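Visitor: Quick one: this structure, given as structure tokens, is what I'll be asking you about.
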Amino acid sequence: MPAIVGRRLDRLAPVRRGARGNERRTVVRTGILAAVAYAAWLAIGAFGRPYNFFDMKIYHGAVVWWASGNELYDFIAPSTTLGFTYPPFAGLVMLPMSWLPVEAAGWFNALASIAALAVVLAALLRPIVDRLGWPLWFTVAVATPMALAIEPSRETLGYGQVNLLLFALIMADLVGLRWRAKRGTHHDTADSALARFVYNGTWAGVGIGLATAVKLTPALFVAYLMITRQWRAALTAIGTTIGVTLGTFALCGEESRTYFSSVLWQTERVGAADMTANQSLAGLLARLYDSIETPGLLWLAFSVLVLALGLSRAASARADGDELTAFTLVGLTANVISPISWSHHLVWVIPAIIVLADAAVRRREASRGLSARGTGTPPTGGVPPLRPPIWYPTLTGLRHGVGALVLYLIFLVSPIWPYEHQLPEVSHYQDGLFGALMENSLAIALIVLVAALPWRPGAEPAFYHDRLVRTAQLTARR
């Protein structure tokens, strides 16, 4: 009997060791998550600004004013010259906020934005962590506070802005295109008509359409979809935008007429072009010229150049199977060429950091793979083996890794604010050329990303599956 008990205990020993290992792993991961969250909180306190839901107070005041029977665009926030600047559809979406106190509305928006960011990160990181064998929940739990700590996210939450929600709408279309390209993966196993509709991705374009109806700059994604001949998604986006705009016109005709005939063209309603927070090309040129207004012809010329560069690089990225980088390039291009891009608009640096970091890992993996092949047995037939790389692949991976780190640190520290100046009181060259460089650092980073962000060939092979099939068919015919 003792021998039988001893054998059973021996069998349970590996189970106990595995359980202890899991417990230790859970403790370590919990500690890492706590440390990352605390570091993000400290970073927001150190590099962020005092936040009091400033923009949310304007939105909330405007919809309360509107709900009380007044004209939406006649509202001016107390002690400011600022009013509601979004299309009437955005006012309809925000109208339920009038039932809440402004602080409650601000916190509800913040929690919804954090949840949307976490879902987006899960979608963007899923292909990467599956390839690397990392747990998705842990990776997202680490990435979310890190993403919240940088300038666009913390400004969006602190001011009560909607940029992360619009970002999530556009990224939803990326997921829809991904599912549509991989049709059959989930569609055949879905147990309801709704699930099959979701997984077949035919709805892709709705998110971009809704985002465009709320804010006009996402319309550049429609142009991208048309350039890359993704006609169904493009037409869905256009139809969604037109549909909700016409529906809003039917419900709020007076506000719609006022917005499209007057408010849309009053650029002064949002602030002066040279304000430090405006990190678009227009803001950069205004500050370089030390002028309140942007030099129009110069801005137009450079904007056309950046637009052509950004869209052409996005199309090339998609052709090589990297839709995430393509979407990121389009978003960054929209930030650069928009007349006003406040620092909280620059949420597209989040996927840019992910792309750079993944490019570094991919190049490092490629370097190791070539090294392993180069040290193998020489093949027959007199063909020499592949020579292992001496420095280039490793250096390439290092370069992209350093780029991801530097980009993250720039948007974490946000060096624009210590050198903030406002005309006519203070010149933008008050602190010399270095101060001018720092005041424009985020805009410069965006332009560099549009020109140099790498794409990852084959990162999402499903996006060019049809092209590969056609190539194989042509090869077979030859």
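Chain identifiers are assigned as A, B, and so on, following the order in which chains appear in the structure tokens; residues are numbered from 1 within each chain, and ligands are numbered from 1 in order of appearance.
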Identify, on the basis of only C-alpha atoms, every residue whose closest approach to stretch 346-353 of chain A does not exceed 9 Å; exclude the query and any residue fewer than 4 positions from it along the same chain; express the result as number ranges by chain.

Guide: A: 121, 124, 147, 150-153, 163-164, 167, 279, 324-325, 327-329, 331-332, 335, 341-342, 357-358, 403-405, 407-408, 411, 442, 446, 449, 453

Visitor: Using C-alpha atoms, can you export the residues from the last selection as an mmCIF file, in the first residue's frame?

Guide:
```
data_model
loop_
_atom_site.group_PDB
_atom_site.id
_atom_site.type_symbol
_atom_site.label_atom_id
_atom_site.label_comp_id
_atom_site.auth_asym_id
_atom_site.auth_seq_id
_atom_site.Cartn_x
_atom_site.Cartn_y
_atom_site.Cartn_z
ATOM 1 C CA LEU A 121 -4.558 47.119 -29.882
ATOM 2 C CA LEU A 124 -3.467 45.105 -34.375
ATOM 3 C CA ALA A 147 -0.239 53.862 -25.468
ATOM 4 C CA ILE A 150 1.799 59.337 -24.954
ATOM 5 C CA GLU A 151 0.717 62.802 -26.041
ATOM 6 C CA PRO A 152 -2.223 62.052 -28.397
ATOM 7 C CA SER A 153 -3.917 59.611 -26.016
ATOM 8 C CA ASN A 163 -10.042 60.871 -31.455
ATOM 9 C CA LEU A 164 -9.596 57.375 -30.010
ATOM 10 C CA PHE A 167 -9.529 55.786 -34.588
ATOM 11 C CA GLN A 279 1.438 70.099 -35.346
ATOM 12 C CA LEU A 324 -1.871 48.078 -41.395
ATOM 13 C CA THR A 325 1.063 50.154 -42.598
ATOM 14 C CA PHE A 327 -3.798 52.607 -43.154
ATOM 15 C CA THR A 328 -1.157 54.144 -40.878
ATOM 16 C CA LEU A 329 0.424 56.076 -43.743
ATOM 17 C CA GLY A 331 -3.754 58.537 -41.240
ATOM 18 C CA LEU A 332 -0.359 60.203 -40.857
ATOM 19 C CA ASN A 335 -2.524 64.654 -39.961
ATOM 20 C CA SER A 341 -3.941 68.949 -36.432
ATOM 21 C CA TRP A 342 -3.867 69.416 -32.677
ATOM 22 C CA ALA A 357 8.795 47.490 -33.602
ATOM 23 C CA ASP A 358 7.479 44.537 -35.613
ATOM 24 C CA GLY A 403 13.235 54.262 -34.482
ATOM 25 C CA ALA A 404 10.270 52.789 -32.588
ATOM 26 C CA LEU A 405 11.867 53.671 -29.238
ATOM 27 C CA LEU A 407 9.307 57.820 -31.721
ATOM 28 C CA TYR A 408 7.678 56.585 -28.535
ATOM 29 C CA PHE A 411 5.511 61.506 -28.086
ATOM 30 C CA LEU A 442 5.953 66.353 -33.491
ATOM 31 C CA LEU A 446 4.991 63.012 -38.743
ATOM 32 C CA LEU A 449 7.082 58.908 -40.910
ATOM 33 C CA LEU A 453 7.841 54.427 -42.386
#
```

Visitor: For A:Arg232, please output as a ChimeraX atom specification all residues within 9 Å (counting only C-alpha atoms; exclusion window: fewer than 6 positions along the same chain).

Guide: /A:202-205,225

Visitor: Using only C-alpha atoms for the distances, tell me which of A:Glu23, A:Glu365, A:Glu420, A:Glu71 is nearest to A:Gly253.

Guide: A:Glu71

Visitor: Restricting the calculation to only C-alpha atoms: of A:Pro339, A:Gly321, A:Gly432, A:Gly296, which residue gets closest to A:Arg456?

Guide: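 Among the listed residues, A:Gly321 lies closest to A:Arg456.
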
Visitor: Might you pull out every residue within 8 Å of stretch 239-252 of chain A, with only C-alpha atoms counted and same-chain residues fewer than 6 positions away left off, and present them as a VMD selection string?

Guide: chain A and resid 88 to 89 92 205 to 206 209 to 210 212 to 213

Visitor: Quick one, how far is atom CA of A:Leu300 from atom CA of A:Ala223?

Guide: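 Computing it gives 18.2 Å between the two atoms.
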